[in-house]
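Have a look at the structure below before the remarks.
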Amino acid sequence: MSIEIRNITKQFGNFNALNNVSVEVPSGELVALLGPSGCGKTTLLRIIAGLENSDRGSILFHGEEATDRDVRERQVGFVFQHYALFRHMTVFENVAFGLRVRPKKTRPTEAEIHRRVHELLNLVQLDWLADRYPPQLSGGQRQRIALARALAVEPKVLLLDEPFGALDAKVRKDLRRWLRRLHDELHITSVFVTHDQEEALEVADRIVVMNQGNVEQIGTPQDVYDHPASPFVYKFLGNVNLFHSRVHAGRAQIGDIEVALEGHQDTEDSPASAYVRPHDIDIQKTRGEQPAFEAVISYVHSLGPLVRLELQRADHTDIVEAELTREKFKELAVGEGDTVFVSPKNVRVFLDQTA
Amino acid sequence: MTQVITANHPPLRKRKQKNVLPGFNLSLGYTILYLSLIVLIPLSAAFIKTTELSFAEFWETVTTPRVVASYQLTFGASLIGAGINAVFGLLTAWVLVRYSFPGKKIVDALVDLPFALPTAVAGIALTAIFAGNGWLGSWLEPLGIKVAFTPLGVVVALTFIGLPFVVRTVQPVLEDLEAEAEEAAASLGANRWQTFSRVILPALYPALLTGFALAFARAVGEYGSVIFIAGNMPMVSEITPLIIITKLEQYDYAGATAVAVVMLVISFALLLAINGLQWWSSRRNGSAR
């Protein structure tokens with residue numbers, strides 16, 4: 001079932017939580033709402049679920065107006081960051097809850113409930129925990145039970161609020177891959193909230209990057225990473241080097257390097273920022289043909305397969321960060337204190353917002 | 001040839017687990033000493049005093065119809081009073097935690113008033129209100145409901161003095177209850193009643209039981225407020241504590257302690273049963289492992 005979010009606005013007192021947000025989630029997709037804390041992503045998710053009301057705008061499920069539909073009637077499965085399992089019920093009863101509270105007419109028989117619950121527990125690979133109570137489980141197990149419980153009511157939409165936020169790094173990685181596989185099996189339209197860009201890039205079909213109540217960019221993980229639409233998206237997704245420069249007649253100047261800036265041929269001497277990913281920084285021991293600036297290696301950090309260099313520009317106080325493969329670094333045979341020539345590739349220039 | 005090497009390991013000794021705050025022995029010793037001085041020794045004195053009576057005398061004293069009627073009234077009215085408090089105390093706690101309204105602080109303070117008031121004052125005030133010519137009594141008596149000087153009056157007095165217990169035990173638990181569990185229940189399709197009865201209430205049971213037990217225990221021992229409103233008619237509205245006092249005034253110390261011992265045993269058995277219920281419900285909560 002597709003979800004359409006149209007011009008949703010929400011205020012808490014004087015605080016604008018959401019500013020005219022519109023997003024479309026096509027049927028069967030796994031979409032990530034990504035942004036720093038306080039950007040409104042959880043509020044948006046809760047509005048989709050019906051746990052929160054928007055001030056303006058509407059929510060459509062499968063093209064049908066659902067803005068005023070009660071959370072009970074929306075047929076959404078909601079998974080909370082802190083699991084929200086019922087502590088006084090066994091794992092089995094937790095998963096069975098959604099079936100047992102149905103009105104008599106549509107309530108499945110006891111045998112049917114039994115079959116369904118065990119089917120779901122098998123799906124989350126925790127059938128052996130059916131008789132335990134939630135406090136006896138680990139965080140990862142609890143979240144999988146919470147997911148099974150949400151799936152028990154056969155929701156049309158699955159909403160997950162920072163589902164792995166409270167788990168440690170290793171469990172988190174395992175669980176998000178598992179979620180991806182589960183989604184590939186079930187194909188249920190899902191929206192999950194996260195502040196972890198790696199998680200969003202790895203799991204989602206599509207990413208909605210949010211900041212301060214606004215949608216900054218919507219696109220596939222590849223798209224959002226390779227072609228960020230705004231300086232915010234650049235900074236938020238992965239590490240990035242920022243060069244302050246000025247744009248003059250469609251060209252931005254970074255030290256000795258000039259970068260063409262499409263569509264700004266008429267701009268005269270306007271301040272701008274240029275962004276380059278650390279792995280797009282090319283390093284040479286001698287000045288080659290490509291334009292480059294001189295820098296001194298101030299630190300070398302070894303990060304497993306990668307080597308991260310901190311470079312002090314000779315013509316500027318800025319520090320530039322570069323990431324190389326271990327092999328490339330060995331080939332270069334440089335160390336701290338050596339002078340190298342740096343040439344950035346794939347530079348994106350954004351004109352600074354004039355206040 | 002293989003050479004056998006016998007390593008000279010020191011015998012494995014389990015290291016004692018160190019607590020951040022040591023002093024288990026000291027604090028347990030103090031607890032037992034304190035409980036002995038304050039609770040056990042005075043109570044055992046009652047038992048010892050009772051042994052002055054032969055068993056036949058003892059049995060006769062504690063099974064006189066008038067005394068048996070007083071047990072029924074005391075424990076019956078206490079249970080009813082604690083039950084009423086469990087329901088309305090929960091309601092009061094709910095209102096105080098979930099809603100904000102002007103004067104909330106005042107309502108919150110009012111709850112504790114039955115604690116602070118001398119019980120005799122409470123008794124006199126209740127009697128004045130519920131007597132045939134009182135504010136409420138004058139309305140109820142034409143309807144055939146007599147409160148003052150009847151067992152119903154005893155229930156009213158015991159309800160009054162037990163109110164704070166349930167409110168104050170349930171309130172903090174209700175405050176800590178995560179709203180997410182309720183939202184989860186709603187998203188799974190539970191209606192409001194189902195969310196309350198299946199999700200919220202089970203989480204409150206242990207606290208509710210504690211409040212009930214405290215209110216009950218307080219009611220069983222209550223004397224001051226009851227004797228004014230009860231009318232103290234033998235066989236009808238006479239509570240056991242009053243019987244004990246009456247016996248004391250007649251210098252029948254052994255008889256008084258005999259009745260006291262029976263009261264003690266029944267109270268202890270009932271409180272033990274409530275504790276057992278609590279243990280069972282907290283086991284079901286999965287908190288005890």
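Order determines the names: the first chain of the structure tokens is A, the second B, and so forth; residues in each chain are numbered 1 upward, and ligands are numbered 1 upward as they are shown.
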* 8 Å contacts from chain B to chain A using only C-alpha atoms, as JSON, numbers by chain -> {"B": [178, 180, 181, 183, 184, 185, 186, 187, 188, 189, 190, 191, 194, 199, 202, 203, 284, 285, 286, 287]}
Tell me, as a compact mmCIF listing (two decimals) with C-alpha atoms, in the first residue's frame, which residues lie within 9 Å of Asn53 in chain A, counting only C-alpha atoms; anything in the same chain fewer than 3 positions away does not count.
```
# COMPACT_ATOMS: atom_id res chain seq x y z
CA LYS A 10 3.18 20.58 12.76
CA ARG A 46 4.05 9.34 14.37
CA ILE A 47 1.76 11.44 12.20
CA ILE A 48 1.76 8.71 9.55
CA GLY A 50 -1.89 8.40 13.70
CA ARG A 56 -2.26 21.07 8.45
CA THR A 67 -5.75 11.95 7.99
CA ASP A 68 -8.58 11.62 10.50
```
* To do: Write out as a PyMOL selection string which residues come within 12 Å of range 257-262 of chain B when counting only C-alpha atoms, dropping same-chain ones fewer than 6 positions away.
  => chain B and resi 42-64+66-68+70-71+75+220-221+239-248+251+268-269
* Can you pull out every residue within 12 Å of His301 in chain A, counting only C-alpha atoms, but drop anything in the same chain fewer than 2 positions away, and send it as an MDAnalysis selection string? => chainID A and resid 297:299 303:311 321:326 329 335:336
Dump as a tab-separated table (two decimals), in the first residue's frame, selection limited to N, CA and C atoms:
```
chain	number	residue	atom	x	y	z
A	297	ILE	N	51.50	16.77	5.40
A	297	ILE	CA	50.75	15.75	6.14
A	297	ILE	C	50.98	15.96	7.63
A	298	SER	N	49.91	16.28	8.34
A	298	SER	CA	50.10	16.52	9.78
A	298	SER	C	49.81	15.28	10.62
A	299	TYR	N	48.86	14.45	10.19
A	299	TYR	CA	48.59	13.21	10.93
A	299	TYR	C	48.27	12.08	9.98
A	303	LEU	N	42.86	3.21	9.70
A	303	LEU	CA	41.51	2.75	10.05
A	303	LEU	C	41.22	1.45	9.32
A	304	GLY	N	41.82	0.36	9.75
A	304	GLY	CA	41.58	-0.91	9.07
A	304	GLY	C	42.01	-0.84	7.63
A	305	PRO	N	41.11	-1.02	6.70
A	305	PRO	CA	41.49	-1.05	5.29
A	305	PRO	C	41.83	0.33	4.74
A	306	LEU	N	41.48	1.37	5.48
A	306	LEU	CA	41.68	2.73	4.99
A	306	LEU	C	42.75	3.44	5.79
A	307	VAL	N	43.34	4.45	5.15
A	307	VAL	CA	44.26	5.32	5.86
A	307	VAL	C	43.72	6.74	5.71
A	308	ARG	N	43.58	7.42	6.83
A	308	ARG	CA	43.06	8.78	6.77
A	308	ARG	C	44.21	9.76	7.04
A	309	LEU	N	44.34	10.74	6.17
A	309	LEU	CA	45.42	11.72	6.33
A	309	LEU	C	44.82	13.07	6.66
A	310	GLU	N	45.49	13.77	7.58
A	310	GLU	CA	45.12	15.15	7.81
A	310	GLU	C	46.19	16.00	7.15
A	311	LEU	N	45.75	16.90	6.27
A	311	LEU	CA	46.70	17.69	5.49
A	311	LEU	C	46.55	19.16	5.84
A	321	GLU	N	41.01	16.69	4.88
A	321	GLU	CA	41.04	15.29	5.24
A	321	GLU	C	41.00	14.45	3.98
A	322	ALA	N	41.87	13.45	3.90
A	322	ALA	CA	41.87	12.58	2.71
A	322	ALA	C	41.82	11.14	3.17
A	323	GLU	N	41.15	10.31	2.40
A	323	GLU	CA	41.12	8.88	2.70
A	323	GLU	C	41.69	8.10	1.52
A	324	LEU	N	42.65	7.24	1.80
A	324	LEU	CA	43.25	6.42	0.75
A	324	LEU	C	43.11	4.97	1.13
A	325	THR	N	43.21	4.11	0.14
A	325	THR	CA	43.30	2.69	0.49
A	325	THR	C	44.69	2.45	1.05
A	326	ARG	N	44.81	1.38	1.81
A	326	ARG	CA	46.10	1.04	2.40
A	326	ARG	C	47.18	0.86	1.31
A	329	PHE	N	48.36	4.12	-0.16
A	329	PHE	CA	49.20	4.81	0.80
A	329	PHE	C	50.62	4.24	0.80
A	335	GLY	N	54.91	10.03	4.80
A	335	GLY	CA	54.62	9.95	6.22
A	335	GLY	C	54.34	11.32	6.78
A	336	GLU	N	54.14	11.40	8.10
A	336	GLU	CA	53.84	12.67	8.72
A	336	GLU	C	54.99	13.65	8.48
```
* So how far away is CA of Leu136 in chain B from CA of Ile106 in chain B, in Å? ->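 These two atoms are separated by 23.6 Å.
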* Smallest atom-to-atom distance to Pro164 in chain B: which of B:Pro22, B:Gly89, B:Pro151, B:Gly144, using only C-alpha atoms? ->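 Of the candidates, the smallest distance to Pro164 in chain B is held by B:Gly89.
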* Asked: So which bits of range 104-274 of chain A end up strand (DSSP E or B) when you DSSP the backbone, as a PyMOL selection string?
  -> chain A and resi 157-161+189-194+206-211+214-219+241-248+251-254+257-260+270-274
* To do: Do a neighbour search on Val95 in chain B at 12 Å with only C-alpha atoms, toss out local chain neighbours closer than 2 positions, and write the hits as an MDAnalysis selection string.
  => chainID B and resid 88:93 97:101 104:105 107:108 167 170:171 174:175
Output file for the selection above: all heavy atoms, as a compact mmCIF listing (two decimals), in the first residue's frame:
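See part-v4.txt below for the written result:
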```txt
# COMPACT_ATOMS: atom_id res chain seq x y z
N PHE B 88 -11.18 3.65 44.16
CA PHE B 88 -11.19 5.10 44.04
C PHE B 88 -9.81 5.72 44.23
O PHE B 88 -9.53 6.79 43.71
CB PHE B 88 -12.22 5.69 45.02
CG PHE B 88 -13.62 5.39 44.59
CD1 PHE B 88 -14.30 4.30 45.09
CD2 PHE B 88 -14.23 6.18 43.62
CE1 PHE B 88 -15.58 4.00 44.66
CE2 PHE B 88 -15.51 5.88 43.19
CZ PHE B 88 -16.19 4.78 43.71
N GLY B 89 -8.94 5.03 44.95
CA GLY B 89 -7.57 5.48 45.07
C GLY B 89 -6.87 5.42 43.71
O GLY B 89 -6.15 6.33 43.32
N LEU B 90 -7.14 4.34 42.98
CA LEU B 90 -6.58 4.20 41.63
C LEU B 90 -7.08 5.34 40.74
O LEU B 90 -6.31 5.97 40.02
CB LEU B 90 -6.98 2.85 41.03
CG LEU B 90 -6.59 2.59 39.59
CD1 LEU B 90 -5.08 2.62 39.44
CD2 LEU B 90 -7.13 1.25 39.11
N LEU B 91 -8.38 5.61 40.86
CA LEU B 91 -8.98 6.68 40.07
C LEU B 91 -8.33 8.03 40.40
O LEU B 91 -7.95 8.80 39.51
CB LEU B 91 -10.48 6.72 40.37
CG LEU B 91 -11.33 7.51 39.38
CD1 LEU B 91 -11.47 6.72 38.10
CD2 LEU B 91 -12.69 7.80 39.99
N THR B 92 -8.18 8.28 41.71
CA THR B 92 -7.57 9.55 42.14
C THR B 92 -6.13 9.65 41.63
O THR B 92 -5.73 10.69 41.09
CB THR B 92 -7.56 9.64 43.68
OG1 THR B 92 -8.87 9.33 44.15
CG2 THR B 92 -7.16 11.01 44.16
N ALA B 93 -5.38 8.57 41.80
CA ALA B 93 -3.99 8.58 41.33
C ALA B 93 -3.95 8.83 39.83
O ALA B 93 -3.13 9.60 39.33
CB ALA B 93 -3.32 7.25 41.65
N VAL B 97 -2.08 11.94 38.00
CA VAL B 97 -0.92 11.71 37.15
C VAL B 97 -1.21 12.13 35.71
O VAL B 97 -0.39 12.78 35.06
CB VAL B 97 -0.49 10.22 37.19
CG1 VAL B 97 0.58 9.95 36.14
CG2 VAL B 97 0.03 9.86 38.57
N ARG B 98 -2.36 11.78 35.21
CA ARG B 98 -2.60 11.93 33.77
C ARG B 98 -3.10 13.29 33.33
O ARG B 98 -2.96 13.65 32.18
CB ARG B 98 -3.61 10.86 33.31
CG ARG B 98 -3.03 9.46 33.28
CD ARG B 98 -1.93 9.41 32.26
NE ARG B 98 -1.10 8.22 32.41
CZ ARG B 98 -1.16 7.19 31.57
NH1 ARG B 98 -1.97 7.20 30.55
NH2 ARG B 98 -0.37 6.15 31.75
N TYR B 99 -3.76 14.01 34.22
CA TYR B 99 -4.34 15.27 33.78
C TYR B 99 -3.72 16.43 34.54
O TYR B 99 -3.25 16.24 35.66
CB TYR B 99 -5.85 15.27 33.98
CG TYR B 99 -6.52 14.06 33.39
CD1 TYR B 99 -7.09 13.09 34.18
CD2 TYR B 99 -6.53 13.88 32.01
CE1 TYR B 99 -7.69 11.97 33.63
CE2 TYR B 99 -7.12 12.76 31.44
CZ TYR B 99 -7.70 11.81 32.26
OH TYR B 99 -8.27 10.70 31.71
N SER B 100 -3.74 17.60 33.93
CA SER B 100 -3.36 18.78 34.69
C SER B 100 -4.55 19.71 34.68
O SER B 100 -5.20 19.90 33.65
CB SER B 100 -2.12 19.44 34.09
OG SER B 100 -2.39 19.89 32.80
N PHE B 101 -4.85 20.23 35.84
CA PHE B 101 -6.01 21.10 35.97
C PHE B 101 -5.70 22.08 37.08
O PHE B 101 -4.83 21.83 37.93
CB PHE B 101 -7.27 20.28 36.30
CG PHE B 101 -7.07 19.31 37.43
CD1 PHE B 101 -7.33 19.68 38.74
CD2 PHE B 101 -6.61 18.02 37.17
CE1 PHE B 101 -7.15 18.79 39.78
CE2 PHE B 101 -6.41 17.12 38.22
CZ PHE B 101 -6.68 17.50 39.52
N LYS B 104 -4.65 21.37 41.07
CA LYS B 104 -4.16 20.00 41.17
C LYS B 104 -3.29 19.80 42.41
O LYS B 104 -3.40 18.78 43.11
CB LYS B 104 -3.35 19.68 39.91
CG LYS B 104 -2.79 18.29 39.88
CD LYS B 104 -2.19 17.99 38.52
CE LYS B 104 -1.23 16.83 38.59
NZ LYS B 104 -0.79 16.41 37.27
N LYS B 105 -2.47 20.82 42.70
CA LYS B 105 -1.58 20.72 43.87
C LYS B 105 -2.41 20.61 45.16
O LYS B 105 -2.03 19.92 46.10
CB LYS B 105 -0.69 21.98 43.95
CG LYS B 105 0.45 21.97 42.97
CD LYS B 105 1.73 21.67 43.73
CE LYS B 105 2.89 21.16 42.94
NZ LYS B 105 3.01 21.17 41.57
N VAL B 107 -5.51 19.36 45.43
CA VAL B 107 -6.09 18.02 45.48
C VAL B 107 -5.04 17.02 45.95
O VAL B 107 -5.30 16.15 46.77
CB VAL B 107 -6.64 17.62 44.09
CG1 VAL B 107 -7.13 16.18 44.11
CG2 VAL B 107 -7.76 18.54 43.67
N ASP B 108 -3.83 17.20 45.42
CA ASP B 108 -2.74 16.31 45.78
C ASP B 108 -2.48 16.37 47.30
O ASP B 108 -2.24 15.35 47.94
CB ASP B 108 -1.48 16.73 45.01
CG ASP B 108 -0.50 15.58 44.86
OD1 ASP B 108 -0.93 14.42 45.04
OD2 ASP B 108 0.67 15.84 44.56
N VAL B 167 -3.47 5.68 46.90
CA VAL B 167 -3.06 6.78 46.01
C VAL B 167 -1.54 6.89 45.98
O VAL B 167 -0.92 6.94 44.92
CB VAL B 167 -3.68 8.12 46.46
CG1 VAL B 167 -3.23 9.24 45.53
CG2 VAL B 167 -5.19 8.02 46.45
N VAL B 170 0.24 3.83 44.22
CA VAL B 170 -0.01 3.66 42.78
C VAL B 170 0.58 4.83 41.98
O VAL B 170 1.10 4.63 40.89
CB VAL B 170 -1.53 3.54 42.52
CG1 VAL B 170 -1.83 3.58 41.03
CG2 VAL B 170 -2.05 2.24 43.12
N GLN B 171 0.52 6.02 42.57
CA GLN B 171 0.94 7.24 41.86
C GLN B 171 2.33 7.14 41.21
O GLN B 171 2.45 7.37 40.01
CB GLN B 171 0.89 8.41 42.83
CG GLN B 171 0.58 9.74 42.16
CD GLN B 171 0.41 10.84 43.19
OE1 GLN B 171 0.55 10.62 44.40
NE2 GLN B 171 0.12 12.03 42.72
N LEU B 174 2.40 4.70 38.31
CA LEU B 174 1.65 5.22 37.16
C LEU B 174 2.47 6.27 36.42
O LEU B 174 2.46 6.34 35.19
CB LEU B 174 0.34 5.84 37.67
CG LEU B 174 -0.84 5.93 36.72
CD1 LEU B 174 -1.13 4.59 36.10
CD2 LEU B 174 -2.06 6.46 37.44
N GLU B 175 3.23 7.06 37.20
CA GLU B 175 4.08 8.09 36.58
C GLU B 175 5.17 7.46 35.72
O GLU B 175 5.55 8.00 34.69
CB GLU B 175 4.71 8.97 37.66
CG GLU B 175 3.84 10.15 38.03
CD GLU B 175 4.25 10.78 39.34
OE1 GLU B 175 5.26 10.36 39.94
OE2 GLU B 175 3.53 11.70 39.78
```
* Tell me, as a ChimeraX atom specification, which residues lie within 8 Å of Ala120 in chain B, counting only C-alpha atoms; anything in the same chain fewer than 5 positions away does not count. => /B:224-225,228
Could those residues be written to a file, using N, CA and C atoms, as a PDB file, in the first residue's frame?
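Once written, result_11.pdb looks like this:
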```pdb
ATOM      1  N   GLY B 224      -9.643   5.188  66.889  1.00  0.00           N
ATOM      2  CA  GLY B 224     -10.130   6.535  67.191  1.00  0.00           C
ATOM      3  C   GLY B 224     -11.312   7.002  66.353  1.00  0.00           C
ATOM      4  N   SER B 225     -11.186   6.887  65.039  1.00  0.00           N
ATOM      5  CA  SER B 225     -12.244   7.449  64.206  1.00  0.00           C
ATOM      6  C   SER B 225     -13.497   6.581  64.232  1.00  0.00           C
ATOM      7  N   PHE B 228     -16.439   6.766  67.331  1.00  0.00           N
ATOM      8  CA  PHE B 228     -17.423   7.848  67.362  1.00  0.00           C
ATOM      9  C   PHE B 228     -18.602   7.573  66.438  1.00  0.00           C
TER      10      PHE B 228
END
```
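Assigned to helix (DSSP H, G or I) in range 167-208 of chain A, given DSSP computed from backbone atoms, are Ala169, Lys170, Val171, Arg172, Lys173, Asp174, Leu175, Arg176, Arg177, Trp178, Leu179, Arg180, Arg181, Leu182, His183, Asp184, Glu185, Leu186, Gln197, Glu198, Glu199, Ala200, Leu201, Glu202 and Val203 of chain A.
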* With a distance cut-off of 6 Å and only C-alpha atoms, select the neighbouring residues of Ala82 in chain B, excluding the residue or stretch itself and same-chain residues fewer than 6 positions from it, and output the selection as a ChimeraX atom specification. => /B:212,215-216
